[in-house]
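**Q** To be precise about what I am sending: the file is called model_34.txt and holds compact mmCIF, C-alpha atoms (C1' of nucleotides).
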# COMPACT_ATOMS: atom_id res chain seq x y z
CA MET A 1 76.20 101.18 72.00
CA ALA A 2 75.29 99.21 68.93
CA THR A 3 77.63 96.25 69.08
CA TYR A 4 77.96 93.47 66.57
CA HIS A 5 76.54 90.98 69.00
CA HIS A 6 73.13 91.76 70.32
CA GLY A 7 73.35 90.24 73.77
CA ASN A 8 70.05 88.49 74.16
CA LEU A 9 68.45 88.39 70.78
CA ARG A 10 66.27 85.44 71.62
CA ALA A 11 64.30 87.22 74.28
CA ALA A 12 64.17 90.42 72.26
CA LEU A 13 62.71 88.53 69.31
CA ILE A 14 59.98 86.97 71.39
CA GLU A 15 59.06 90.30 72.88
CA ALA A 16 59.09 92.22 69.62
CA GLY A 17 57.22 89.40 67.94
CA LEU A 18 54.50 89.73 70.50
CA LYS A 19 54.26 93.43 69.88
CA ILE A 20 53.83 92.91 66.16
CA ILE A 21 51.15 90.30 66.72
CA GLU A 22 49.41 92.70 69.03
CA GLU A 23 49.41 95.33 66.33
CA LYS A 24 48.56 93.25 63.29
CA GLY A 25 47.77 89.66 64.19
CA VAL A 26 49.76 86.43 63.91
CA ARG A 27 49.02 86.20 60.24
CA ALA A 28 50.93 89.40 59.61
CA LEU A 29 54.04 88.56 61.56
CA THR A 30 57.01 88.49 59.26
CA LEU A 31 60.51 87.38 60.18
CA ARG A 32 62.10 90.16 58.19
CA GLU A 33 60.11 92.92 59.81
CA LEU A 34 60.72 91.38 63.18
CA ALA A 35 64.47 91.30 62.62
CA ALA A 36 64.46 94.86 61.37
CA ARG A 37 62.50 96.04 64.37
CA VAL A 38 64.99 94.49 66.73
CA GLY A 39 67.75 96.16 64.72
CA VAL A 40 69.35 93.04 63.35
CA SER A 41 69.72 91.53 59.93
CA ARG A 42 67.11 89.21 58.49
CA MET A 43 68.96 85.96 59.08
CA ALA A 44 69.99 86.61 62.65
CA PRO A 45 66.88 85.01 64.14
CA TYR A 46 67.91 81.74 62.55
CA ARG A 47 70.77 81.49 65.05
CA HIS A 48 68.14 81.11 67.75
CA PHE A 49 65.24 79.37 66.05
CA PRO A 50 65.43 76.80 63.27
CA ASP A 51 62.53 78.40 61.45
CA LYS A 52 59.55 80.69 61.78
CA GLU A 53 57.33 78.00 63.16
CA ALA A 54 59.79 77.42 65.98
CA LEU A 55 59.75 81.10 66.85
CA LEU A 56 55.97 80.99 67.05
CA GLY A 57 56.30 77.92 69.21
CA ALA A 58 58.61 79.73 71.58
CA ILE A 59 56.24 82.67 71.84
CA CYS A 60 53.44 80.23 72.53
CA GLU A 61 55.49 78.50 75.20
CA ALA A 62 56.39 81.79 76.85
CA GLY A 63 52.72 82.71 76.84
CA PHE A 64 51.66 79.51 78.54
CA SER A 65 54.37 79.90 81.10
CA GLU A 66 53.20 83.38 82.06
CA PHE A 67 49.65 82.13 81.92
CA ALA A 68 50.36 79.30 84.34
CA ASP A 69 51.96 81.79 86.68
CA SER A 70 48.83 83.94 86.58
CA LEU A 71 46.59 81.01 87.35
CA GLU A 72 48.76 79.82 90.16
CA SER A 73 49.15 83.17 91.81
CA ALA A 74 45.44 83.90 91.52
CA ARG A 75 44.63 80.63 93.19
CA ASN A 76 47.20 81.01 95.91
CA SER A 77 46.14 84.48 96.89
CA ALA A 78 42.48 83.51 97.06
CA GLY A 79 42.62 81.94 100.48
CA PRO A 80 41.58 78.45 101.47
CA ASP A 81 37.95 78.40 100.33
CA PHE A 82 37.53 76.14 97.33
CA ALA A 83 34.85 78.12 95.52
CA ALA A 84 36.90 81.27 95.92
CA ARG A 85 39.99 79.58 94.59
CA LEU A 86 38.26 78.19 91.56
CA SER A 87 36.53 81.43 90.84
CA ALA A 88 39.77 83.36 91.16
CA MET A 89 41.34 81.11 88.57
CA ALA A 90 38.45 81.55 86.18
CA VAL A 91 38.69 85.29 86.51
CA ALA A 92 42.45 85.12 86.05
CA TYR A 93 41.95 83.08 82.91
CA VAL A 94 39.56 85.50 81.31
CA ARG A 95 41.59 88.44 82.46
CA PHE A 96 44.74 86.99 81.00
CA ALA A 97 43.02 86.43 77.69
CA ALA A 98 41.71 89.98 77.68
CA GLY A 99 44.96 91.56 78.82
CA HIS A 100 47.39 89.55 76.72
CA ARG A 101 45.51 89.21 73.51
CA ALA A 102 48.60 88.69 71.41
CA HIS A 103 49.89 85.95 73.63
CA TYR A 104 46.49 84.38 73.83
CA GLU A 105 46.11 84.45 70.09
CA VAL A 106 49.38 82.64 69.48
CA MET A 107 48.81 80.21 72.31
CA PHE A 108 45.69 78.82 70.74
CA ALA A 109 46.53 79.44 67.11
CA VAL A 110 49.86 77.63 67.21
CA ARG A 111 48.63 74.98 69.61
CA ARG A 112 51.58 73.02 70.74
CA GLU A 113 52.08 70.70 73.68
CA SER A 114 54.81 71.83 75.97
CA GLU A 115 55.96 71.80 79.54
CA ALA A 116 54.09 75.03 80.17
CA THR A 117 50.78 73.93 78.69
CA ALA A 118 50.90 70.82 80.84
CA ARG A 119 51.67 72.90 83.89
CA SER A 120 48.73 75.21 83.23
CA PHE A 121 46.34 72.34 83.05
CA GLU A 122 47.91 70.63 86.02
CA ILE A 123 47.27 73.63 88.23
CA LEU A 124 43.59 73.48 87.47
CA ARG A 125 43.45 69.75 87.95
CA GLU A 126 45.10 69.98 91.33
CA THR A 127 42.52 72.46 92.44
CA ILE A 128 39.72 70.19 91.33
CA GLU A 129 41.27 67.36 93.32
CA GLU A 130 41.42 69.63 96.33
CA GLY A 131 37.73 70.26 95.93
CA GLN A 132 37.06 66.57 95.68
CA ARG A 133 38.91 65.90 98.91
CA ASN A 134 36.79 68.56 100.56
CA GLY A 135 33.66 67.00 99.20
CA GLU A 136 32.91 70.20 97.35
CA VAL A 137 33.31 68.62 93.95
CA ARG A 138 31.59 65.48 92.81
CA GLU A 139 33.57 62.33 92.24
CA GLY A 140 34.94 61.43 88.86
CA ASP A 141 38.14 61.63 86.92
CA PRO A 142 39.60 65.02 87.91
CA THR A 143 41.14 65.33 84.49
CA ASP A 144 37.71 65.17 82.88
CA LEU A 145 36.28 67.64 85.35
CA ALA A 146 39.18 69.98 84.75
CA ARG A 147 38.47 69.77 81.05
CA VAL A 148 34.92 70.88 81.60
CA VAL A 149 35.98 73.90 83.55
CA TRP A 150 38.70 74.73 81.09
CA THR A 151 36.21 74.40 78.28
CA VAL A 152 33.75 76.83 79.73
CA VAL A 153 36.33 79.41 80.61
CA HIS A 154 38.09 79.02 77.32
CA GLY A 155 34.82 79.47 75.50
CA ILE A 156 34.13 82.66 77.36
CA SER A 157 37.54 84.03 76.60
CA THR A 158 37.53 83.11 72.96
CA LEU A 159 34.06 84.18 72.10
CA HIS A 160 33.56 87.30 74.12
CA LEU A 161 36.78 89.18 74.34
CA ASP A 162 35.14 92.44 73.42
CA ARG A 163 31.88 92.48 75.28
CA GLU A 164 30.92 93.26 78.79
CA PHE A 165 32.21 90.38 80.81
CA PRO A 166 31.29 91.21 84.33
CA ALA A 167 27.76 89.92 84.51
CA PHE A 168 28.35 87.33 81.91
CA THR A 169 31.45 85.94 83.51
CA LEU A 170 29.74 85.71 86.83
CA PHE A 171 26.85 83.87 85.38
CA ALA A 172 28.98 81.46 83.41
CA SER A 173 31.06 80.85 86.47
CA GLY A 174 27.84 79.79 88.15
CA VAL A 175 27.17 77.41 85.31
CA MET A 176 30.59 75.99 85.66
CA ARG A 177 30.26 75.42 89.34
CA ALA A 178 26.89 73.78 88.82
CA GLY A 179 28.63 71.13 86.80
CA LEU A 180 30.98 70.31 89.62
CA LEU A 181 28.51 70.01 92.45
CA PRO A 182 28.46 66.68 94.27
CA MET B 14 35.77 70.19 27.61
CA ALA B 15 38.23 72.74 28.88
CA THR B 16 36.80 76.03 27.76
CA TYR B 17 38.25 79.45 28.26
CA HIS B 18 35.54 80.38 30.66
CA HIS B 19 35.24 78.15 33.65
CA GLY B 20 31.54 78.40 34.29
CA ASN B 21 31.34 78.85 38.01
CA LEU B 22 34.79 79.57 39.23
CA ARG B 23 33.61 81.18 42.39
CA ALA B 24 32.04 78.07 43.82
CA ALA B 25 34.87 75.89 42.58
CA LEU B 26 37.39 78.09 44.35
CA ILE B 27 35.56 77.91 47.63
CA GLU B 28 35.31 74.16 47.40
CA ALA B 29 38.91 73.57 46.37
CA GLY B 30 40.05 76.05 48.99
CA LEU B 31 38.30 74.01 51.62
CA LYS B 32 40.01 70.88 50.42
CA ILE B 33 43.42 72.49 50.67
CA ILE B 34 42.69 73.75 54.16
CA GLU B 35 41.57 70.27 55.10
CA GLU B 36 44.86 68.88 53.90
CA LYS B 37 47.27 71.47 55.19
CA GLY B 38 45.56 74.09 57.31
CA VAL B 39 44.46 77.68 56.61
CA ARG B 40 47.96 78.92 57.05
CA ALA B 41 49.11 76.90 54.07
CA LEU B 42 46.41 77.99 51.66
CA THR B 43 47.92 79.78 48.74
CA LEU B 44 46.04 81.53 45.97
CA ARG B 45 48.39 80.26 43.31
CA GLU B 46 48.07 76.63 44.27
CA LEU B 47 44.34 77.04 44.58
CA ALA B 48 44.08 78.51 41.10
CA ALA B 49 46.26 75.77 39.68
CA ARG B 50 44.21 73.07 41.34
CA VAL B 51 41.04 74.45 39.81
CA GLY B 52 42.85 74.56 36.48
CA VAL B 53 42.90 78.27 36.01
CA SER B 54 45.60 80.92 35.90
CA ARG B 55 46.80 82.61 39.06
CA MET B 56 44.94 85.87 38.58
CA ALA B 57 41.58 84.39 37.70
CA PRO B 58 40.35 84.33 41.31
CA TYR B 59 40.68 88.10 41.40
CA ARG B 60 37.70 88.35 39.09
CA HIS B 61 35.59 86.93 41.90
CA PHE B 62 37.29 88.13 45.07
CA PRO B 63 39.10 91.41 45.60
CA ASP B 64 41.87 89.70 47.53
CA LYS B 65 42.84 86.61 49.45
CA GLU B 66 41.22 87.80 52.64
CA ALA B 67 37.92 88.14 50.81
CA LEU B 68 38.17 84.58 49.58
CA LEU B 69 38.72 83.40 53.13
CA GLY B 70 35.75 85.48 54.15
CA ALA B 71 33.59 83.81 51.54
CA ILE B 72 34.68 80.36 52.69
CA CYS B 73 33.88 81.39 56.22
CA GLU B 74 30.48 82.64 55.18
CA ALA B 75 29.71 79.45 53.30
CA GLY B 76 30.72 77.48 56.37
CA PHE B 77 28.40 79.41 58.64
CA SER B 78 25.59 79.01 56.22
CA GLU B 79 25.94 75.26 56.13
CA PHE B 80 26.42 75.31 59.86
CA ALA B 81 23.20 77.20 60.43
CA ASP B 82 21.40 74.67 58.26
CA SER B 83 22.76 71.83 60.39
CA LEU B 84 21.62 73.49 63.58
CA GLU B 85 18.21 74.24 62.24
CA SER B 86 17.57 70.82 60.82
CA ALA B 87 18.81 69.13 64.00
CA ARG B 88 16.43 71.20 66.05
CA ASN B 89 13.49 70.71 63.76
CA SER B 90 13.82 66.97 63.60
CA ALA B 91 14.11 66.66 67.36
CA GLY B 92 10.43 66.89 68.10
CA PRO B 93 8.69 69.35 70.39
CA ASP B 94 10.47 68.66 73.68
CA PHE B 95 12.68 71.58 74.59
CA ALA B 96 15.48 69.62 76.23
CA ALA B 97 15.65 67.32 73.24
CA ARG B 98 15.76 70.23 70.86
CA LEU B 99 18.53 71.98 72.70
CA SER B 100 20.50 68.83 73.08
CA ALA B 101 20.12 67.99 69.41
CA MET B 102 21.56 71.37 68.54
CA ALA B 103 24.51 70.91 70.85
CA VAL B 104 25.26 67.55 69.33
CA ALA B 105 24.88 69.00 65.86
CA TYR B 106 27.32 71.75 66.76
CA VAL B 107 30.00 69.42 67.99
CA ARG B 108 29.38 67.02 65.16
CA PHE B 109 29.68 69.79 62.61
CA ALA B 110 32.97 70.88 64.10
CA ALA B 111 34.26 67.33 64.07
CA GLY B 112 33.01 66.54 60.59
CA HIS B 113 33.88 69.79 58.85
CA ARG B 114 37.18 70.63 60.43
CA ALA B 115 38.35 72.74 57.55
CA HIS B 116 35.22 74.83 57.54
CA TYR B 117 35.26 75.10 61.28
CA GLU B 118 38.86 76.20 61.28
CA VAL B 119 38.23 79.02 58.84
CA MET B 120 35.01 80.03 60.49
CA PHE B 121 36.70 80.85 63.75
CA ALA B 122 40.12 81.79 62.42
CA VAL B 123 38.83 84.39 60.01
CA ARG B 124 36.07 85.56 62.29
CA ARG B 125 33.82 87.82 60.38
CA GLU B 126 30.31 89.02 61.00
CA SER B 127 27.94 88.08 58.24
CA GLU B 128 24.37 87.25 57.48
CA ALA B 129 25.09 83.57 58.12
CA THR B 130 26.81 84.05 61.48
CA ALA B 131 23.87 86.09 62.64
CA ARG B 132 21.47 83.43 61.44
CA SER B 133 23.35 80.70 63.30
CA PHE B 134 23.15 82.60 66.52
CA GLU B 135 19.57 83.54 65.92
CA ILE B 136 18.50 79.92 65.64
CA LEU B 137 19.91 79.21 69.04
CA ARG B 138 18.38 82.31 70.56
CA GLU B 139 14.97 81.44 69.23
CA THR B 140 15.16 78.06 70.85
CA ILE B 141 16.09 79.61 74.15
CA GLU B 142 13.10 81.90 73.89
CA GLU B 143 10.92 78.90 73.21
CA GLY B 144 12.23 77.35 76.39
CA GLN B 145 11.49 80.51 78.30
CA ARG B 146 7.90 80.55 77.11
CA ASN B 147 7.57 76.96 78.29
CA GLY B 148 9.03 77.88 81.63
CA GLU B 149 11.84 75.43 81.03
CA VAL B 150 14.46 78.13 80.91
CA ARG B 151 14.94 80.80 83.54
CA GLU B 152 14.14 84.40 82.75
CA GLY B 153 16.76 86.79 81.51
CA ASP B 154 18.02 88.25 78.27
CA PRO B 155 17.78 85.35 75.81
CA THR B 156 20.77 86.72 73.97
CA ASP B 157 22.91 86.37 77.07
CA LEU B 158 21.62 82.89 77.74
CA ALA B 159 22.30 81.91 74.17
CA ARG B 160 25.83 83.17 74.58
CA VAL B 161 26.38 80.92 77.53
CA VAL B 162 25.22 77.88 75.65
CA TRP B 163 27.21 78.81 72.62
CA THR B 164 30.24 79.33 74.77
CA VAL B 165 30.09 75.92 76.36
CA VAL B 166 29.49 74.10 73.13
CA HIS B 167 32.09 76.10 71.31
CA GLY B 168 34.62 75.37 74.03
CA ILE B 169 33.95 71.68 73.74
CA SER B 170 34.35 71.72 70.01
CA THR B 171 37.48 73.79 69.98
CA LEU B 172 39.31 72.11 72.77
CA HIS B 173 38.45 68.50 72.25
CA LEU B 174 38.21 67.79 68.60
CA ASP B 175 40.48 64.79 68.88
CA ARG B 176 39.45 63.12 72.09
CA GLU B 177 36.61 60.93 73.08
CA PHE B 178 33.53 63.11 73.13
CA PRO B 179 30.70 60.85 73.99
CA ALA B 180 30.81 60.86 77.76
CA PHE B 181 32.32 64.26 77.91
CA THR B 182 29.81 65.85 75.62
CA LEU B 183 26.98 64.38 77.57
CA PHE B 184 28.34 65.68 80.79
CA ALA B 185 28.99 69.14 79.46
CA SER B 186 25.53 69.19 78.03
CA GLY B 187 24.34 68.59 81.57
CA VAL B 188 26.39 71.52 82.75
CA MET B 189 24.92 73.66 80.09
CA ARG B 190 21.39 72.74 80.94
CA ALA B 191 22.06 73.37 84.60
CA GLY B 192 22.80 76.98 83.76
CA LEU B 193 19.46 77.43 82.10
CA LEU B 194 17.21 75.97 84.74
CA PRO B 195 14.56 78.26 86.15
C1' DT C 18 101.71 87.37 71.95
C1' DG C 19 99.54 85.02 68.24
C1' DA C 20 96.80 81.07 66.00
C1' DC C 21 92.58 78.90 66.16
C1' DC C 22 87.94 77.66 67.23
C1' DT C 23 83.12 78.52 68.23
C1' DG C 24 79.10 81.23 68.56
C1' DT C 25 76.72 85.00 66.54
C1' DG C 26 75.34 88.38 62.84
C1' DT C 27 75.66 89.64 57.70
C1' DT C 28 75.04 89.62 52.68
C1' DG C 29 73.84 87.15 48.34
C1' DA C 30 70.73 84.30 45.93
C1' DC C 31 66.55 81.42 44.90
C1' DG C 32 61.98 79.93 44.53
C1' DG C 33 57.44 81.06 46.07
C1' DT C 34 53.54 84.52 47.14
C1' DG C 35 50.00 88.34 46.73
C1' DT C 36 48.74 91.70 43.64
C1' DC C 37 48.93 95.84 39.99
C1' DA C 38 48.72 96.51 34.79
C1' DA C 39 48.02 95.48 30.30
C1' DC C 40 46.20 92.30 27.12
C1' DA C 41 43.19 88.35 25.04
C1' DA C 42 39.19 85.50 24.43
C1' DC C 43 34.55 84.87 24.71
C1' DA C 44 29.21 86.22 25.26
C1' DA C 45 25.64 89.26 24.66
C1' DT C 46 23.59 93.14 22.47
C1' DG C 47 22.91 96.83 19.00
C1' DC D 23 28.84 92.45 12.19
C1' DA D 24 30.81 96.01 15.28
C1' DT D 25 30.75 97.02 20.11
C1' DT D 26 30.92 96.45 24.79
C1' DG D 27 31.37 94.18 29.08
C1' DT D 28 32.80 89.99 31.52
C1' DT D 29 36.12 86.66 32.50
C1' DG D 30 40.92 84.58 32.13
C1' DT D 31 45.92 85.25 30.90
C1' DT D 32 50.69 86.81 31.00
C1' DG D 33 54.27 90.10 32.66
C1' DA D 34 56.33 92.52 36.38
C1' DC D 35 57.20 93.91 41.20
C1' DA D 36 57.98 93.94 45.99
C1' DC D 37 58.07 91.01 49.67
C1' DC D 38 58.69 86.53 52.15
C1' DG D 39 61.14 82.33 54.19
C1' DT D 40 65.34 80.11 53.93
C1' DC D 41 69.99 77.83 52.00
C1' DA D 42 75.07 79.09 51.53
C1' DA D 43 78.98 81.44 52.16
C1' DC D 44 81.26 84.88 54.65
C1' DA D 45 82.63 88.37 58.68
C1' DC D 46 83.26 89.66 63.25
C1' DA D 47 84.02 88.86 68.12
C1' DG D 48 85.45 86.30 72.57
C1' DG D 49 87.74 82.63 74.61
C1' DT D 50 91.45 78.95 74.65
C1' DC D 51 95.82 77.37 74.35
C1' DA D 52 100.50 77.35 72.19
Take the structure in this file and express it as structure tokens.

**A**
Amino acid sequence: MATYHHGNLRAALIEAGLKIIEEKGVRALTLRELAARVGVSRMAPYRHFPDKEALLGAICEAGFSEFADSLESARNSAGPDFAARLSAMAVAYVRFAAGHRAHYEVMFAVRRESEATARSFEILRETIEEGQRNGEVREGDPTDLARVVWTVVHGISTLHLDREFPAFTLFASGVMRAGLLP
Amino acid sequence: MATYHHGNLRAALIEAGLKIIEEKGVRALTLRELAARVGVSRMAPYRHFPDKEALLGAICEAGFSEFADSLESARNSAGPDFAARLSAMAVAYVRFAAGHRAHYEVMFAVRRESEATARSFEILRETIEEGQRNGEVREGDPTDLARVVWTVVHGISTLHLDREFPAFTLFASGVMRAGLLP
DNA sequence: TGACCTGTGTTGACGGTGTCAACAACAATG
DNA sequence: CATTGTTGTTGACACCGTCAACACAGGTCA
């Protein structure tokens, strides 16, 4: 039932955009191809995004939102033990990067502050604070400590998407924890 | 003395390309503008690079080469103490990223295996091996250990180019060393 | 019912971009 | 000098992002 009005172009564009990026990289994403793939004319996207950069921004935002959800749910289903919670989040991070490469690529290529990026970081910071209250994490600005953890995990994800994580991730997670010890 | 033949276009292109990236980001680098800036017609670069991607690759390669030099010289001028050597390299890494943002951006945006990338990694791995012989670094595949270090330092550089390193870098360097202890 | 507005999708046009082809200027070599 | 190979140039093409002007639909209100 091809109607004149699409219905929810915005969401369709984000989704199809992701698929293209998955196939050929951010660099190769083209508004015209995207529009064609969604079955709409080349200027239609401009009714929903002021320009290409804004579309990328929206994809990025959507990615961070899903990402924050992953982190949060990993942490929440890890039980009460701090080490387990932190570790679950680290694994979720790497797993997200590995399983949503397109999203991950845009998220850190476009780099844009948003509600969702803040939320992602906040989730980690909260957990660190938890650990501090328990005495399982040394004192210090929890924001700084969260940065350290983020840094390590981000490094792993960025640098080693292809290789054998298991052992490596475990080891690095040990490194990370070492930095938080009281 | 504007002659018909430029003399060493190749090098000039790489240099001017870097300057453009510095000003406006990789995404905004355009072959035509680059050629114009070097004072040459738009197709001239094709005598030295098969296509745009190859030019980016060459810039990336040049960056890694300079990068490897920085690492090596930092290590060599740090004296014989292992911890000092490793630390000097970490600082050199972050400093390179901060001081050569354009190069750094291309290096990890284009991502391309080359002689220079291998050399950079090799320098680090050698140092780790040194540390192992001294008993200052735990046993294990030096390549894996080098990856861990690289990961941490890379994470720092990527994530915190703007913010206040000093304290943070120091702390993270502690984290890193913790992971290497016997 | 019909006139009108507003939100959405379309087509036309323009300047800019990467790159293929054909040509032109220089350098080196016989 | 004639030739040949290297390097730079201009022309042409398809494609890209985006501005303008227009077309279709759904709702509102007379």

**Q** Counting only C-alpha atoms (C1' of nucleotides), which residues of chain D come no farther than 7 Å from chain B, as a list in words?

**A**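 Interface list for chain D against chain B: DT29, DG30 and DT31 of chain D.
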
**Q** Any chance you could tabulate, as JSON lines, the residues of chain C at most 9 Å from chain A with each one's nearest atom pair and distance in Å to one decimal, using only C-alpha atoms (C1' of nucleotides), in chain and rising number order?

**A**
{"residue": "C:DT25", "atom": "C1'", "partner": "A:His5", "partner_atom": "CA", "distance": 6.5}
{"residue": "C:DG26", "atom": "C1'", "partner": "A:Ala44", "partner_atom": "CA", "distance": 5.6}
{"residue": "C:DT27", "atom": "C1'", "partner": "A:Ser41", "partner_atom": "CA", "distance": 6.6}

**Q** List the neighbours of D:DT50 out to 12 Å using only C-alpha atoms (C1' of nucleotides); skip same-chain residues closer than 6 positions along the sequence, and give me the result as a list in words.

**A** DG19, DA20, DC21, DC22 and DT23 of chain C

**Q** So that I can see what lies close to B:His113, please list as a list in words the residues with an atom at most 9 Å from it, counting all atoms listed in the file and leaving out residues fewer than 4 positions away in the same chain.

**A** Glu35, Gly76, Arg108, Phe109, Tyr117 and Glu118 of chain B

**Q** Find the residues around B:Val51 up to 8 Å (all atoms listed in the file counted), leave out those fewer than 3 positions away in its own chain, and share them as a list in words.

**A** Ala25, Leu26, Ala29, Leu47 and Ala48 of chain B

**Q** Next, the residues of the selection above should be written as a JSON list (two decimals), keeping the file's coordinate frame with C-alpha atoms.

**A**
[["chain", "number", "residue", "atom", "x", "y", "z"],
["B", 25, "ALA", "CA", 34.87, 75.89, 42.58],
["B", 26, "LEU", "CA", 37.39, 78.09, 44.35],
["B", 29, "ALA", "CA", 38.91, 73.57, 46.37],
["B", 47, "LEU", "CA", 44.34, 77.04, 44.58],
["B", 48, "ALA", "CA", 44.08, 78.51, 41.10]]

**Q** Neighbouring residues of A:Val152 were defined as those with any atom within 7 Å, considering all atoms listed in the file; residues of the same chain fewer than 2 positions away were excluded. Please report them as a list in words.

**A** Val148, Val149, Trp150, His154, Gly155, Ile156 and Met176 of chain A; Thr164, Val165 and Gly168 of chain B

**Q** Separation of atom CA of A:Ala78 and atom CA of A:Phe121, in Å?

**A**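 Computing the Euclidean distance for atom CA of A:Ala78 and atom CA of A:Phe121 yields 18.3 Å.
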
**Q** Which residue gives the smallest distance to chain A among B:Glu46, B:Glu66, B:Glu36, B:Asp82, with only C-alpha atoms counted?

**A** B:Glu66

**Q** In Å, rounded to a single decimal, give me how far atom CA of A:Gly25 is from atom CA of B:Ser78.

**A**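 According to the coordinates, atom CA of B:Ser78 and atom CA of A:Gly25 are separated by 25.9 Å.
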
**Q** Figure out the distance between atom CA of B:Val150 and atom CA of B:Tyr106, please, to one decimal in Å.

**A**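 A separation of 20.2 Å between them.
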
**Q** From the list B:Arg114, B:Arg125, B:Arg160, B:Lys37, which residue is nearest chain A when using only C-alpha atoms?

**A**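 That would be B:Arg160, the residue with the smallest distance to chain A.
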
**Q** I need the residue nearest chain A from this list: B:Pro155, B:Arg40, B:Arg50, B:Glu126. Use only C-alpha atoms for the distance.

**A**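 Closest residue, counting only C-alpha atoms: B:Arg40.
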
**Q** List as JSON, numbers by chain the protein and nucleic acid residues near B:Ala87, meaning an atom at most 10 Å away when only C-alpha atoms (C1' of nucleotides) are counted, but skip any in the same chain fewer than 2 places from it.

**A** {"B": [81, 82, 83, 84, 85, 89, 90, 91, 92, 97, 98, 99, 100, 101, 102, 103, 104, 105, 106]}

**Q** Between A:Lys19, A:Arg111, A:Arg125, A:Arg32, which one has atoms that come closest to chain B, using only C-alpha atoms?

**A**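 Of A:Lys19, A:Arg111, A:Arg125, A:Arg32, the one nearest chain B, counting only C-alpha atoms, is A:Arg111.
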
**Q** Neighbourhood query: residues within 10 Å of (49.4, 79.5, 69.2), file coordinates, counting all atoms listed in the file; return as a list in words.

**A**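 Here is the list of nearby residues: Val26, Leu56, Gly57, Ala58, Ile59, Cys60, Glu61, Gly63, Phe64, Ala102, His103, Tyr104, Glu105, Val106, Met107, Phe108, Ala109, Val110, Arg111 and Arg112 of chain A.
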